[in-house]
Amino acid sequence: MKTNPLSTTLIFIALLMWGHFSALGQTKVSVSDVKLSVSKLMLGSRDITDSLGVVNIAKNVWTEFDRHGKEIGKANIIKNKDNEIHIKWISATNGAKKDGVTIYKLDKEGNKYTFDIYFDDKKQGYFIASPE
């Protein structure tokens, strides 16, 4: 089978341009100085939405509150850029381990954020939240 060098080159250029424009279309999300109301929380296949009401993200601190306004977790933010937030727990009664690290991978659609939750080196669940 013969290959035409010109058509191979054109296909290669088209693929490079498609990759370039696809990368440009991806929005980098970081979120700070916002109070988020949680509408859905899943850990594995368990819906535990009732356990988390609000997440407050300040410049360097992540704080979680239950549906009654009681603080249930506080963490230092160690990374907040490129669609990821990494936190290290200071205190937690929410099931997280003190000094443990949780990674959130963010996606934003309209005014809703989806946070995929990673710890122990794998995805554990997600939550959906919107600014209050």
# chains A, B, ... in the order shown; residues from 1 in each chain; ligands from 1

call {"tool": "residues_around", "arguments": {"residues": "A:Gly53", "least_positions_apart": "3", "cutoff": "9 Å", "atoms": "only C-alpha atoms", "output": "number ranges by chain"}}
result
A: 36-39, 49-50, 64-69

call {"tool": "write_last_selection", "arguments": {"atoms": "C-alpha atoms", "output": "PDB file, in the first residue's frame"}}
result
ATOM      1  CA  LEU A  36     -21.000  26.743  48.243  1.00  0.00           C
ATOM      2  CA  SER A  37     -24.334  25.091  48.971  1.00  0.00           C
ATOM      3  CA  VAL A  38     -24.117  21.328  48.421  1.00  0.00           C
ATOM      4  CA  SER A  39     -26.979  19.747  46.470  1.00  0.00           C
ATOM      5  CA  THR A  49     -26.104  14.391  50.765  1.00  0.00           C
ATOM      6  CA  ASP A  50     -27.773  14.922  54.151  1.00  0.00           C
ATOM      7  CA  GLU A  64     -17.222  22.084  55.750  1.00  0.00           C
ATOM      8  CA  PHE A  65     -20.523  22.475  57.615  1.00  0.00           C
ATOM      9  CA  ASP A  66     -23.400  20.062  58.090  1.00  0.00           C
ATOM     10  CA  ARG A  67     -27.006  20.951  57.212  1.00  0.00           C
ATOM     11  CA  HIS A  68     -27.460  22.557  60.652  1.00  0.00           C
ATOM     12  CA  GLY A  69     -24.462  24.895  60.276  1.00  0.00           C
TER      13      GLY A  69
END

call {"tool": "residues_around", "arguments": {"residues": "A:Ile128", "least_positions_apart": "3", "cutoff": "8 Å", "atoms": "only C-alpha atoms", "output": "tab-separated table (two decimals) with C-alpha atoms, in the first residue's frame"}}
result
chain	number	residue	atom	x	y	z
A	38	VAL	CA	-24.12	21.33	48.42
A	39	SER	CA	-26.98	19.75	46.47
A	40	LYS	CA	-25.55	16.22	46.05
A	41	LEU	CA	-22.84	14.16	47.77
A	112	LYS	CA	-22.69	24.62	39.34
A	113	TYR	CA	-19.44	23.00	40.35
A	114	THR	CA	-18.81	19.27	40.36
A	115	PHE	CA	-16.02	18.15	42.67

call {"tool": "closest_residue", "arguments": {"among": "A:Trp89, A:Lys122, A:Tyr104, A:Lys79", "to": "A:Lys59", "atoms": "only C-alpha atoms"}}
result
A:Lys79

call {"tool": "residues_around", "arguments": {"residues": "A:Trp62", "least_positions_apart": "6", "cutoff": "7 Å", "atoms": "only C-alpha atoms", "output": "VMD selection string"}}
result
chain A and resid 56 74 to 77

call {"tool": "write_last_selection", "arguments": {"atoms": "N, CA, C and O atoms", "output": "PDB file, in the first residue's frame"}}
result
ATOM      1  N   ASN A  56     -17.096  26.107  52.533  1.00  0.00           N
ATOM      2  CA  ASN A  56     -16.582  27.465  52.423  1.00  0.00           C
ATOM      3  C   ASN A  56     -15.121  27.375  51.991  1.00  0.00           C
ATOM      4  O   ASN A  56     -14.304  26.736  52.667  1.00  0.00           O
ATOM      5  N   LYS A  74     -12.194  20.996  58.712  1.00  0.00           N
ATOM      6  CA  LYS A  74     -11.402  22.165  58.326  1.00  0.00           C
ATOM      7  C   LYS A  74     -10.064  21.664  57.795  1.00  0.00           C
ATOM      8  O   LYS A  74      -9.478  20.734  58.359  1.00  0.00           O
ATOM      9  N   ALA A  75      -9.602  22.288  56.711  1.00  0.00           N
ATOM     10  CA  ALA A  75      -8.362  21.844  56.074  1.00  0.00           C
ATOM     11  C   ALA A  75      -7.604  23.032  55.505  1.00  0.00           C
ATOM     12  O   ALA A  75      -8.201  24.052  55.160  1.00  0.00           O
ATOM     13  N   ASN A  76      -6.300  22.878  55.417  1.00  0.00           N
ATOM     14  CA  ASN A  76      -5.468  23.851  54.717  1.00  0.00           C
ATOM     15  C   ASN A  76      -5.481  23.513  53.230  1.00  0.00           C
ATOM     16  O   ASN A  76      -5.339  22.336  52.862  1.00  0.00           O
ATOM     17  N   ILE A  77      -5.645  24.524  52.399  1.00  0.00           N
ATOM     18  CA  ILE A  77      -5.570  24.324  50.946  1.00  0.00           C
ATOM     19  C   ILE A  77      -4.100  24.380  50.562  1.00  0.00           C
ATOM     20  O   ILE A  77      -3.429  25.383  50.797  1.00  0.00           O
TER      21      ILE A  77
END

call {"tool": "closest_residue", "arguments": {"among": "A:Val31, A:Leu43, A:Ile72, A:Ile90", "to": "A:Phe119", "atoms": "only C-alpha atoms"}}
result
A:Leu43

call {"tool": "atom_distance", "arguments": {"atom1": "atom CA of A:Asp82", "atom2": "atom CA of A:Thr63"}}
result
20.7 Å

call {"tool": "closest_residue", "arguments": {"among": "A:Leu106, A:Ala129, A:Val34, A:Glu71", "to": "A:Asn83", "atoms": "only C-alpha atoms"}}
result
A:Leu106

call {"tool": "closest_residue", "arguments": {"among": "A:Ser32, A:Ser130, A:Asn60, A:Thr93", "to": "A:Glu109", "atoms": "only C-alpha atoms"}}
result
A:Ser130

call {"tool": "select_by_dssp", "arguments": {"residues": "stretch 31-99 of chain A", "states": "strand (DSSP E)", "output": "MDAnalysis selection string"}}
result
chainID A and resid 34:43 46:47 54:57 61:65 71:81 84:92

call {"tool": "closest_residue", "arguments": {"among": "A:Lys70, A:Lys35, A:Arg46, A:Lys108", "to": "A:Ala92", "atoms": "only C-alpha atoms"}}
result
A:Lys70

call {"tool": "atom_distance", "arguments": {"atom1": "atom CA of A:Ser51", "atom2": "atom CA of A:Gly100"}}
result
19.6 Å

call {"tool": "residues_around", "arguments": {"residues": "A:Gly44", "least_positions_apart": "4", "cutoff": "12 Å", "atoms": "only C-alpha atoms", "output": "PyMOL selection string"}}
result
chain A and resi 48+116-118+122-127

call {"tool": "atom_distance", "arguments": {"atom1": "atom CA of A:Asp47", "atom2": "atom CA of A:Ala96"}}
result
16.7 Å

call {"tool": "closest_residue", "arguments": {"among": "A:Glu84, A:Ile78, A:Asp33, A:Val54", "to": "A:Val101", "atoms": "only C-alpha atoms"}}
result
A:Ile78

call {"tool": "decode", "arguments": {"residues": "stretch 45-60 of chain A", "atoms": "all heavy atoms", "output": "compact mmCIF listing (two decimals), in the first residue's frame"}}
result
# COMPACT_ATOMS: atom_id res chain seq x y z
N SER A 45 -21.31 4.30 46.01
CA SER A 45 -22.70 4.26 45.53
C SER A 45 -23.68 4.79 46.58
O SER A 45 -24.88 4.74 46.39
CB SER A 45 -23.08 2.82 45.15
OG SER A 45 -22.96 1.99 46.29
N ARG A 46 -23.14 5.31 47.70
CA ARG A 46 -24.00 5.81 48.78
C ARG A 46 -24.27 7.30 48.64
O ARG A 46 -23.34 8.10 48.52
CB ARG A 46 -23.34 5.57 50.15
CG ARG A 46 -23.17 4.12 50.49
CD ARG A 46 -22.51 3.94 51.83
NE ARG A 46 -21.56 5.04 52.08
CZ ARG A 46 -21.07 5.35 53.26
NH1 ARG A 46 -21.41 4.68 54.31
NH2 ARG A 46 -20.21 6.34 53.40
N ASP A 47 -25.52 7.66 48.67
CA ASP A 47 -25.93 9.07 48.66
C ASP A 47 -25.93 9.55 50.11
O ASP A 47 -26.76 9.12 50.91
CB ASP A 47 -27.33 9.22 48.05
CG ASP A 47 -27.77 10.67 47.93
OD1 ASP A 47 -27.22 11.54 48.63
OD2 ASP A 47 -28.69 10.92 47.13
N ILE A 48 -24.98 10.43 50.44
CA ILE A 48 -24.88 10.94 51.81
C ILE A 48 -25.04 12.47 51.81
O ILE A 48 -24.44 13.16 52.63
CB ILE A 48 -23.57 10.49 52.49
CG1 ILE A 48 -22.34 10.95 51.72
CG2 ILE A 48 -23.57 8.99 52.69
CD1 ILE A 48 -21.05 10.75 52.48
N THR A 49 -25.88 12.95 50.91
CA THR A 49 -26.10 14.39 50.76
C THR A 49 -26.52 15.04 52.08
O THR A 49 -26.12 16.18 52.36
CB THR A 49 -27.16 14.65 49.67
OG1 THR A 49 -26.70 14.04 48.45
CG2 THR A 49 -27.38 16.12 49.44
N ASP A 50 -27.29 14.35 52.90
CA ASP A 50 -27.77 14.92 54.15
C ASP A 50 -26.65 15.27 55.14
O ASP A 50 -26.88 16.02 56.08
CB ASP A 50 -28.76 13.97 54.83
CG ASP A 50 -30.07 13.88 54.07
OD1 ASP A 50 -30.35 14.76 53.23
OD2 ASP A 50 -30.82 12.92 54.31
N SER A 51 -25.46 14.76 54.92
CA SER A 51 -24.37 14.98 55.87
C SER A 51 -23.55 16.25 55.60
O SER A 51 -22.76 16.65 56.44
CB SER A 51 -23.43 13.78 55.90
OG SER A 51 -22.75 13.65 54.67
N LEU A 52 -23.73 16.87 54.44
CA LEU A 52 -22.93 18.05 54.09
C LEU A 52 -23.82 19.13 53.52
O LEU A 52 -24.54 18.92 52.55
CB LEU A 52 -21.84 17.67 53.07
CG LEU A 52 -20.87 18.76 52.63
CD1 LEU A 52 -20.08 19.31 53.82
CD2 LEU A 52 -19.92 18.22 51.57
N GLY A 53 -23.78 20.32 54.15
CA GLY A 53 -24.62 21.42 53.70
C GLY A 53 -23.87 22.49 52.95
O GLY A 53 -24.29 22.95 51.89
N VAL A 54 -22.72 22.90 53.49
CA VAL A 54 -21.98 24.04 52.94
C VAL A 54 -20.49 23.75 52.96
O VAL A 54 -19.97 23.16 53.91
CB VAL A 54 -22.27 25.32 53.77
CG1 VAL A 54 -21.36 26.47 53.35
CG2 VAL A 54 -23.72 25.73 53.63
N VAL A 55 -19.82 24.18 51.89
CA VAL A 55 -18.37 24.18 51.84
C VAL A 55 -17.95 25.63 51.63
O VAL A 55 -18.41 26.29 50.70
CB VAL A 55 -17.83 23.30 50.69
CG1 VAL A 55 -16.32 23.44 50.56
CG2 VAL A 55 -18.22 21.84 50.90
N ASN A 56 -17.10 26.11 52.53
CA ASN A 56 -16.58 27.47 52.42
C ASN A 56 -15.12 27.38 51.99
O ASN A 56 -14.30 26.74 52.67
CB ASN A 56 -16.70 28.20 53.77
CG ASN A 56 -16.38 29.67 53.64
OD1 ASN A 56 -16.76 30.31 52.67
ND2 ASN A 56 -15.67 30.20 54.62
N ILE A 57 -14.80 28.00 50.86
CA ILE A 57 -13.44 27.97 50.34
C ILE A 57 -12.88 29.39 50.42
O ILE A 57 -13.33 30.28 49.69
CB ILE A 57 -13.40 27.45 48.89
CG1 ILE A 57 -14.03 26.05 48.83
CG2 ILE A 57 -11.96 27.42 48.38
CD1 ILE A 57 -14.25 25.54 47.42
N ALA A 58 -11.94 29.59 51.33
CA ALA A 58 -11.26 30.87 51.46
C ALA A 58 -9.91 30.74 50.77
O ALA A 58 -9.62 29.71 50.17
CB ALA A 58 -11.10 31.23 52.93
N LYS A 59 -9.09 31.76 50.88
CA LYS A 59 -7.81 31.75 50.16
C LYS A 59 -6.98 30.51 50.48
O LYS A 59 -6.49 29.85 49.59
CB LYS A 59 -7.03 33.02 50.47
CG LYS A 59 -5.75 33.10 49.69
CD LYS A 59 -5.04 34.41 49.90
CE LYS A 59 -3.78 34.42 49.05
NZ LYS A 59 -3.13 35.68 49.03
N ASN A 60 -6.83 30.19 51.76
CA ASN A 60 -5.99 29.06 52.15
C ASN A 60 -6.70 28.02 53.01
O ASN A 60 -6.05 27.09 53.49
CB ASN A 60 -4.75 29.56 52.92
CG ASN A 60 -3.87 30.43 52.05
OD1 ASN A 60 -3.56 30.09 50.93
ND2 ASN A 60 -3.47 31.58 52.59
